[in-house]
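Participant: One structure follows; several queries about it will come next.
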Amino acid sequence: MTKNKKLHGLNFSRRAALAAAAVSAAALLVFAAPAPSFAEDKSIKVGIMAGEDEDVWRVVTSEATKKGLKIETVIFNDYTQPNEALERGEIDANAFQHKPYLDNQIQQHGYHIVPVGYTGVWPIGLYSKKHKAVAEIPEGAVIGVPNDPSNEGRALRVLQSQGLIKLKDGTGILATVADVTDNPKKIEIKELDAGIVGRSIDDLDAGVVNTDWALKSGLSPAERIAQEPIADNPYRNFIAVKEENKNADWVKTLVSSYQNDTVKAEFDKVYKGTGLSAY
């Protein structure tokens with residue numbers, strides 16, 4: 001049985017950080033060839049976030065063992081740590097982030113980290129316990145959004161898509177409240193930590209909540225009154241490794257150990273439809 005190691009830190013959003021660019025399908029290596037088996041069992045450490053992913057990765061670990069790859073999961077609670085640990089060689093891979101987050105981390109820290117295979121996507125949504133539809137949101141309503149740059153821009157785009165605000169022309173995933181040029185209902189946009197928005201929903205007219213935090217906050221799909229589109233979503237998560245290892249056989253085995261029907265079934269069970277497989 002795989003032994004988990006717990007590393008504790010601040011509890012930030014799964015997708016926290018400034019976004020730099022949208023991801024394209026070509027940005028990731030999708031391995032079609034059969035994954036190799038190893039003459040001797042190879043052991044690697046994979047950094048993941050605490051929570052539901054621990055259940056998913058227990059199944060990934062089991063699938064990898066069948067192919068001669070032993071995975072030791074290293075559990076993090078702080079989203080700033082897994083890339084630092086990977087860069088330092090303390091772990092061999094991680095699986096917790098999307099491309100805009102990694103791009104920003106590389107820009108800030110000069111990491112030599114690349115994505116090698118998609119895992120899942122958690123579409124961000126607008127939730128409310130007071131209003132059944134976006135049209136019911138009144139003038140002067142208070143709407144919570146995540147306060148970190150990546151998720152705030154993402155949340156504001158959801159509000160814009162629903163006609164609640166208008167952002168400056170050309171503003172993309174880097175949007176902030178300063179980019180709001182039209183606010184016809186005079187909505188108060190309340191910036192909160194991503195993990196707090198869902199838990200504060202009773203005190204808000206509505207809140208844009210990351211899907212994983214919605215699940216943790218006890219919000220149901222019935223309380224989601226709007227959602228970002230899934231097609232061409234730049235926020236698909238992936239497995240990442242050091243650039244020097246991107247073509248290694250064990251990386252191909254790792255990716256194939258995740259991208260299969262057995263893991264997908266566990267993923268669907270754990271995330272109850274709030275997350276979607278993205279490969």
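By order in the structure tokens, chains are A, B, ...; within a chain, residues start at 1; ligands start at 1, following the order shown.
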As a count of residues only, please: every residue in stretch 4-233 of chain A that DSSP puts in strand (DSSP E or B).
Facilitator: 59
Participant: Please identify all polymer residues within 10 Å of A:Ala135, counting only C-alpha atoms, omitting same-chain residues fewer than 6 positions from it, and present them as a compact mmCIF listing (two decimals) with all heavy atoms, in the first residue's frame.
Facilitator:
# COMPACT_ATOMS: atom_id res chain seq x y z
N GLN A 162 -23.03 36.66 -18.23
CA GLN A 162 -24.44 36.69 -17.82
C GLN A 162 -25.03 38.10 -17.89
O GLN A 162 -26.17 38.32 -17.47
CB GLN A 162 -24.56 36.16 -16.38
CG GLN A 162 -24.10 34.72 -16.24
CD GLN A 162 -24.88 33.77 -17.12
OE1 GLN A 162 -26.11 33.81 -17.17
NE2 GLN A 162 -24.16 32.91 -17.85
N GLY A 163 -24.28 39.05 -18.43
CA GLY A 163 -24.78 40.41 -18.61
C GLY A 163 -24.84 41.23 -17.34
O GLY A 163 -25.44 42.32 -17.32
N LEU A 164 -24.18 40.78 -16.29
CA LEU A 164 -24.21 41.51 -15.02
C LEU A 164 -23.21 42.66 -14.99
O LEU A 164 -23.43 43.67 -14.33
CB LEU A 164 -23.95 40.55 -13.85
CG LEU A 164 -25.04 39.51 -13.62
CD1 LEU A 164 -24.57 38.46 -12.61
CD2 LEU A 164 -26.33 40.18 -13.14
N ILE A 225 -26.46 28.81 -10.68
CA ILE A 225 -27.37 29.49 -11.61
C ILE A 225 -26.67 29.91 -12.90
O ILE A 225 -27.31 30.39 -13.83
CB ILE A 225 -28.06 30.69 -10.94
CG1 ILE A 225 -27.03 31.71 -10.44
CG2 ILE A 225 -28.95 30.22 -9.80
CD1 ILE A 225 -27.66 32.97 -9.84
Participant: Within 10 Å of A:Pro184, counting only C-alpha atoms, which residues qualify if same-chain residues fewer than 3 places away don't, as a short mmCIF file (atom, residue, chain, number, x, y, z; two decimals) with C-alpha atoms, in the first residue's frame?
Facilitator:
data_model
loop_
_atom_site.label_atom_id
_atom_site.label_comp_id
_atom_site.auth_asym_id
_atom_site.auth_seq_id
_atom_site.Cartn_x
_atom_site.Cartn_y
_atom_site.Cartn_z
CA GLU A 139 -29.98 46.06 -8.11
CA GLY A 140 -27.32 46.60 -5.47
CA GLY A 163 -24.78 40.41 -18.61
CA LEU A 164 -24.21 41.51 -15.02
CA ILE A 165 -21.10 43.55 -15.81
CA LYS A 166 -19.02 44.56 -18.81
CA THR A 181 -16.54 49.45 -17.38
CA ILE A 187 -23.61 45.21 -8.06
#
Participant: May I ask for the distance between atom CA of A:Ala95 and atom CA of A:Glu191, given in Å to one decimal place?
Facilitator: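 If I compute the distance from atom CA of A:Ala95 to atom CA of A:Glu191, I get 27.2 Å.
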Participant: Counting only C-alpha atoms, which of A:Val114, A:Leu126, A:Leu204, A:Val121 gets nearest to A:Val142?
Facilitator: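 Nearest candidate to A:Val142 out of A:Val114, A:Leu126, A:Leu204, A:Val121: A:Leu204.
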Participant: I'd like the contact shell of A:Leu69 - 10 Å cut-off, only C-alpha atoms, skipping same-chain residues fewer than 2 positions apart - returned as an NGL selection string.
Facilitator: :A and (36-38 or 40-44 or 61-67 or 71-72 or 250-251 or 253-254 or 257)
Participant: For A:Val241, find every residue with an atom within 7 Å (counting only C-alpha atoms), except residues of its own chain fewer than 5 positions away, and show them as a list of chain:residue names.
Facilitator: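 Surrounding residues, per the criterion: A:Asp92, A:Ala93, A:Asn94, A:Ile113, A:Val114, A:Pro115, A:Lys246.
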Participant: Report as a PDB file with N, CA, C and O atoms, in the first residue's frame: the residues of stretch 189-269 of chain A with a DSSP assignment of alpha helix (DSSP H), based on the backbone of this structure.
Facilitator:
ATOM      1  N   ALA A 194     -10.715  32.374  -2.125  1.00  0.00           N
ATOM      2  CA  ALA A 194     -11.467  31.406  -2.922  1.00  0.00           C
ATOM      3  C   ALA A 194     -12.160  30.353  -2.066  1.00  0.00           C
ATOM      4  O   ALA A 194     -13.254  29.893  -2.395  1.00  0.00           O
ATOM      5  N   GLY A 195     -11.532  29.962  -0.961  1.00  0.00           N
ATOM      6  CA  GLY A 195     -12.124  28.968  -0.100  1.00  0.00           C
ATOM      7  C   GLY A 195     -13.234  29.497   0.787  1.00  0.00           C
ATOM      8  O   GLY A 195     -13.962  28.725   1.413  1.00  0.00           O
ATOM      9  N   ILE A 196     -13.389  30.814   0.836  1.00  0.00           N
ATOM     10  CA  ILE A 196     -14.382  31.445   1.706  1.00  0.00           C
ATOM     11  C   ILE A 196     -15.670  31.777   0.966  1.00  0.00           C
ATOM     12  O   ILE A 196     -16.746  31.819   1.560  1.00  0.00           O
ATOM     13  N   VAL A 197     -15.586  32.014  -0.338  1.00  0.00           N
ATOM     14  CA  VAL A 197     -16.765  32.470  -1.094  1.00  0.00           C
ATOM     15  C   VAL A 197     -17.948  31.525  -0.901  1.00  0.00           C
ATOM     16  O   VAL A 197     -19.054  31.953  -0.557  1.00  0.00           O
ATOM     17  N   THR A 211     -15.424  24.964  -8.478  1.00  0.00           N
ATOM     18  CA  THR A 211     -16.271  23.794  -8.292  1.00  0.00           C
ATOM     19  C   THR A 211     -15.802  22.917  -7.143  1.00  0.00           C
ATOM     20  O   THR A 211     -16.610  22.363  -6.404  1.00  0.00           O
ATOM     21  N   ASP A 212     -14.490  22.769  -6.967  1.00  0.00           N
ATOM     22  CA  ASP A 212     -14.019  21.952  -5.851  1.00  0.00           C
ATOM     23  C   ASP A 212     -14.389  22.577  -4.514  1.00  0.00           C
ATOM     24  O   ASP A 212     -14.773  21.896  -3.564  1.00  0.00           O
ATOM     25  N   TRP A 213     -14.322  23.918  -4.438  1.00  0.00           N
ATOM     26  CA  TRP A 213     -14.709  24.591  -3.197  1.00  0.00           C
ATOM     27  C   TRP A 213     -16.218  24.554  -3.011  1.00  0.00           C
ATOM     28  O   TRP A 213     -16.710  24.531  -1.873  1.00  0.00           O
ATOM     29  N   ALA A 214     -16.972  24.557  -4.079  1.00  0.00           N
ATOM     30  CA  ALA A 214     -18.428  24.427  -3.970  1.00  0.00           C
ATOM     31  C   ALA A 214     -18.770  23.089  -3.331  1.00  0.00           C
ATOM     32  O   ALA A 214     -19.641  22.993  -2.455  1.00  0.00           O
ATOM     33  N   LEU A 215     -18.076  22.041  -3.765  1.00  0.00           N
ATOM     34  CA  LEU A 215     -18.294  20.713  -3.205  1.00  0.00           C
ATOM     35  C   LEU A 215     -17.954  20.692  -1.728  1.00  0.00           C
ATOM     36  O   LEU A 215     -18.719  20.177  -0.908  1.00  0.00           O
ATOM     37  N   LYS A 216     -16.819  21.288  -1.375  1.00  0.00           N
ATOM     38  CA  LYS A 216     -16.398  21.324   0.031  1.00  0.00           C
ATOM     39  C   LYS A 216     -17.340  22.181   0.880  1.00  0.00           C
ATOM     40  O   LYS A 216     -17.465  21.957   2.084  1.00  0.00           O
ATOM     41  N   ASP A 249      10.157   7.119 -20.035  1.00  0.00           N
ATOM     42  CA  ASP A 249       9.179   6.036 -20.090  1.00  0.00           C
ATOM     43  C   ASP A 249       8.249   6.060 -18.882  1.00  0.00           C
ATOM     44  O   ASP A 249       7.049   5.784 -19.003  1.00  0.00           O
ATOM     45  N   TRP A 250       8.804   6.370 -17.700  1.00  0.00           N
ATOM     46  CA  TRP A 250       7.953   6.356 -16.505  1.00  0.00           C
ATOM     47  C   TRP A 250       6.876   7.442 -16.566  1.00  0.00           C
ATOM     48  O   TRP A 250       5.787   7.274 -15.987  1.00  0.00           O
ATOM     49  N   VAL A 251       7.157   8.528 -17.294  1.00  0.00           N
ATOM     50  CA  VAL A 251       6.155   9.581 -17.456  1.00  0.00           C
ATOM     51  C   VAL A 251       4.991   9.074 -18.300  1.00  0.00           C
ATOM     52  O   VAL A 251       3.817   9.320 -17.991  1.00  0.00           O
ATOM     53  N   LYS A 252       5.314   8.354 -19.358  1.00  0.00           N
ATOM     54  CA  LYS A 252       4.263   7.774 -20.193  1.00  0.00           C
ATOM     55  C   LYS A 252       3.411   6.799 -19.390  1.00  0.00           C
ATOM     56  O   LYS A 252       2.176   6.768 -19.518  1.00  0.00           O
ATOM     57  N   THR A 253       4.060   6.014 -18.551  1.00  0.00           N
ATOM     58  CA  THR A 253       3.336   5.072 -17.707  1.00  0.00           C
ATOM     59  C   THR A 253       2.465   5.810 -16.693  1.00  0.00           C
ATOM     60  O   THR A 253       1.312   5.416 -16.441  1.00  0.00           O
ATOM     61  N   LEU A 254       2.990   6.861 -16.121  1.00  0.00           N
ATOM     62  CA  LEU A 254       2.230   7.657 -15.155  1.00  0.00           C
ATOM     63  C   LEU A 254       0.969   8.224 -15.793  1.00  0.00           C
ATOM     64  O   LEU A 254      -0.126   8.137 -15.230  1.00  0.00           O
ATOM     65  N   VAL A 255       1.105   8.805 -16.964  1.00  0.00           N
ATOM     66  CA  VAL A 255      -0.046   9.403 -17.646  1.00  0.00           C
ATOM     67  C   VAL A 255      -1.084   8.340 -17.997  1.00  0.00           C
ATOM     68  O   VAL A 255      -2.289   8.522 -17.770  1.00  0.00           O
ATOM     69  N   SER A 256      -0.629   7.220 -18.531  1.00  0.00           N
ATOM     70  CA  SER A 256      -1.579   6.165 -18.899  1.00  0.00           C
ATOM     71  C   SER A 256      -2.238   5.545 -17.673  1.00  0.00           C
ATOM     72  O   SER A 256      -3.362   5.034 -17.752  1.00  0.00           O
ATOM     73  N   SER A 257      -1.567   5.609 -16.537  1.00  0.00           N
ATOM     74  CA  SER A 257      -2.150   5.092 -15.297  1.00  0.00           C
ATOM     75  C   SER A 257      -3.270   5.988 -14.794  1.00  0.00           C
ATOM     76  O   SER A 257      -4.113   5.539 -14.007  1.00  0.00           O
ATOM     77  N   TYR A 258      -3.281   7.226 -15.236  1.00  0.00           N
ATOM     78  CA  TYR A 258      -4.374   8.151 -14.897  1.00  0.00           C
ATOM     79  C   TYR A 258      -5.450   8.141 -15.970  1.00  0.00           C
ATOM     80  O   TYR A 258      -6.647   8.105 -15.661  1.00  0.00           O
ATOM     81  N   ASP A 261     -10.300   4.163 -18.050  1.00  0.00           N
ATOM     82  CA  ASP A 261     -11.684   4.068 -17.604  1.00  0.00           C
ATOM     83  C   ASP A 261     -11.811   3.771 -16.114  1.00  0.00           C
ATOM     84  O   ASP A 261     -12.761   4.202 -15.462  1.00  0.00           O
ATOM     85  N   THR A 262     -10.865   3.013 -15.562  1.00  0.00           N
ATOM     86  CA  THR A 262     -10.927   2.672 -14.138  1.00  0.00           C
ATOM     87  C   THR A 262     -10.793   3.914 -13.279  1.00  0.00           C
ATOM     88  O   THR A 262     -11.561   4.127 -12.328  1.00  0.00           O
ATOM     89  N   VAL A 263      -9.830   4.758 -13.611  1.00  0.00           N
ATOM     90  CA  VAL A 263      -9.644   6.001 -12.864  1.00  0.00           C
ATOM     91  C   VAL A 263     -10.798   6.963 -13.124  1.00  0.00           C
ATOM     92  O   VAL A 263     -11.268   7.645 -12.206  1.00  0.00           O
ATOM     93  N   LYS A 264     -11.274   7.003 -14.357  1.00  0.00           N
ATOM     94  CA  LYS A 264     -12.391   7.886 -14.666  1.00  0.00           C
ATOM     95  C   LYS A 264     -13.622   7.543 -13.821  1.00  0.00           C
ATOM     96  O   LYS A 264     -14.340   8.432 -13.340  1.00  0.00           O
ATOM     97  N   ALA A 265     -13.867   6.264 -13.621  1.00  0.00           N
ATOM     98  CA  ALA A 265     -15.016   5.843 -12.818  1.00  0.00           C
ATOM     99  C   ALA A 265     -14.870   6.340 -11.381  1.00  0.00           C
ATOM    100  O   ALA A 265     -15.842   6.803 -10.771  1.00  0.00           O
ATOM    101  N   GLU A 266     -13.662   6.257 -10.837  1.00  0.00           N
ATOM    102  CA  GLU A 266     -13.438   6.758  -9.478  1.00  0.00           C
ATOM    103  C   GLU A 266     -13.543   8.272  -9.430  1.00  0.00           C
ATOM    104  O   GLU A 266     -14.111   8.841  -8.488  1.00  0.00           O
ATOM    105  N   PHE A 267     -13.009   8.927 -10.437  1.00  0.00           N
ATOM    106  CA  PHE A 267     -13.089  10.391 -10.540  1.00  0.00           C
ATOM    107  C   PHE A 267     -14.551  10.834 -10.530  1.00  0.00           C
ATOM    108  O   PHE A 267     -14.936  11.748  -9.783  1.00  0.00           O
ATOM    109  N   ASP A 268     -15.374  10.191 -11.346  1.00  0.00           N
ATOM    110  CA  ASP A 268     -16.789  10.545 -11.419  1.00  0.00           C
ATOM    111  C   ASP A 268     -17.493  10.297 -10.092  1.00  0.00           C
ATOM    112  O   ASP A 268     -18.359  11.073  -9.675  1.00  0.00           O
ATOM    113  N   LYS A 269     -17.123   9.208  -9.427  1.00  0.00           N
ATOM    114  CA  LYS A 269     -17.718   8.884  -8.132  1.00  0.00           C
ATOM    115  C   LYS A 269     -17.343   9.920  -7.077  1.00  0.00           C
ATOM    116  O   LYS A 269     -18.187  10.392  -6.314  1.00  0.00           O
TER     117      LYS A 269
END
Participant: Write out as JSON lines the residues of stretch 38-121 of chain A that have any atom within 12 Å of an atom of stretch 147-158 of chain A, one row each with the nearest atom pair and its distance in Å to one decimal, counting only C-alpha atoms, sorted by chain and then rising number.
Facilitator:
{"residue": "A:Gln97", "atom": "CA", "partner": "A:Ser150", "partner_atom": "CA", "distance": 11.6}
{"residue": "A:His98", "atom": "CA", "partner": "A:Ser150", "partner_atom": "CA", "distance": 10.3}
{"residue": "A:Lys99", "atom": "CA", "partner": "A:Ser150", "partner_atom": "CA", "distance": 10.7}
{"residue": "A:Pro100", "atom": "CA", "partner": "A:Ser150", "partner_atom": "CA", "distance": 7.4}
{"residue": "A:Tyr101", "atom": "CA", "partner": "A:Ser150", "partner_atom": "CA", "distance": 7.2}
{"residue": "A:Leu102", "atom": "CA", "partner": "A:Ser150", "partner_atom": "CA", "distance": 10.9}
{"residue": "A:Asp103", "atom": "CA", "partner": "A:Ser150", "partner_atom": "CA", "distance": 11.0}
{"residue": "A:Asn104", "atom": "CA", "partner": "A:Ser150", "partner_atom": "CA", "distance": 9.3}
{"residue": "A:Gln105", "atom": "CA", "partner": "A:Ser150", "partner_atom": "CA", "distance": 11.6}
Participant: Could you dump the residues just selected with N, CA, C and O atoms as a PDB file, in the first residue's frame?
Facilitator:
ATOM      1  N   GLN A  97      -2.721  21.568 -11.082  1.00  0.00           N
ATOM      2  CA  GLN A  97      -2.771  22.922 -11.615  1.00  0.00           C
ATOM      3  C   GLN A  97      -3.220  22.964 -13.068  1.00  0.00           C
ATOM      4  O   GLN A  97      -3.229  21.953 -13.759  1.00  0.00           O
ATOM      5  N   HIS A  98      -3.587  24.193 -13.497  1.00  0.00           N
ATOM      6  CA  HIS A  98      -3.904  24.434 -14.898  1.00  0.00           C
ATOM      7  C   HIS A  98      -2.797  25.289 -15.514  1.00  0.00           C
ATOM      8  O   HIS A  98      -1.896  25.774 -14.829  1.00  0.00           O
ATOM      9  N   LYS A  99      -2.878  25.495 -16.823  1.00  0.00           N
ATOM     10  CA  LYS A  99      -1.801  26.163 -17.550  1.00  0.00           C
ATOM     11  C   LYS A  99      -1.616  27.629 -17.148  1.00  0.00           C
ATOM     12  O   LYS A  99      -0.464  28.080 -17.005  1.00  0.00           O
ATOM     13  N   PRO A 100      -2.693  28.414 -16.974  1.00  0.00           N
ATOM     14  CA  PRO A 100      -2.469  29.790 -16.545  1.00  0.00           C
ATOM     15  C   PRO A 100      -1.703  29.887 -15.223  1.00  0.00           C
ATOM     16  O   PRO A 100      -0.852  30.760 -15.056  1.00  0.00           O
ATOM     17  N   TYR A 101      -1.988  28.976 -14.304  1.00  0.00           N
ATOM     18  CA  TYR A 101      -1.272  28.981 -13.029  1.00  0.00           C
ATOM     19  C   TYR A 101       0.199  28.635 -13.230  1.00  0.00           C
ATOM     20  O   TYR A 101       1.094  29.305 -12.705  1.00  0.00           O
ATOM     21  N   LEU A 102       0.475  27.573 -13.998  1.00  0.00           N
ATOM     22  CA  LEU A 102       1.868  27.182 -14.234  1.00  0.00           C
ATOM     23  C   LEU A 102       2.621  28.277 -14.966  1.00  0.00           C
ATOM     24  O   LEU A 102       3.778  28.579 -14.634  1.00  0.00           O
ATOM     25  N   ASP A 103       1.988  28.899 -15.956  1.00  0.00           N
ATOM     26  CA  ASP A 103       2.647  29.981 -16.692  1.00  0.00           C
ATOM     27  C   ASP A 103       3.091  31.088 -15.743  1.00  0.00           C
ATOM     28  O   ASP A 103       4.200  31.619 -15.853  1.00  0.00           O
ATOM     29  N   ASN A 104       2.225  31.447 -14.811  1.00  0.00           N
ATOM     30  CA  ASN A 104       2.569  32.501 -13.863  1.00  0.00           C
ATOM     31  C   ASN A 104       3.685  32.065 -12.925  1.00  0.00           C
ATOM     32  O   ASN A 104       4.595  32.839 -12.615  1.00  0.00           O
ATOM     33  N   GLN A 105       3.632  30.805 -12.486  1.00  0.00           N
ATOM     34  CA  GLN A 105       4.673  30.297 -11.602  1.00  0.00           C
ATOM     35  C   GLN A 105       6.039  30.294 -12.305  1.00  0.00           C
ATOM     36  O   GLN A 105       7.063  30.622 -11.703  1.00  0.00           O
TER      37      GLN A 105
END
Participant: Using only C-alpha atoms, pick whichever of A:Leu167, A:Val145, A:Leu276, A:Ile75 has the shortest atom-to-atom distance to A:Ser200.
Facilitator: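 That would be A:Val145, the residue with the smallest distance to A:Ser200.
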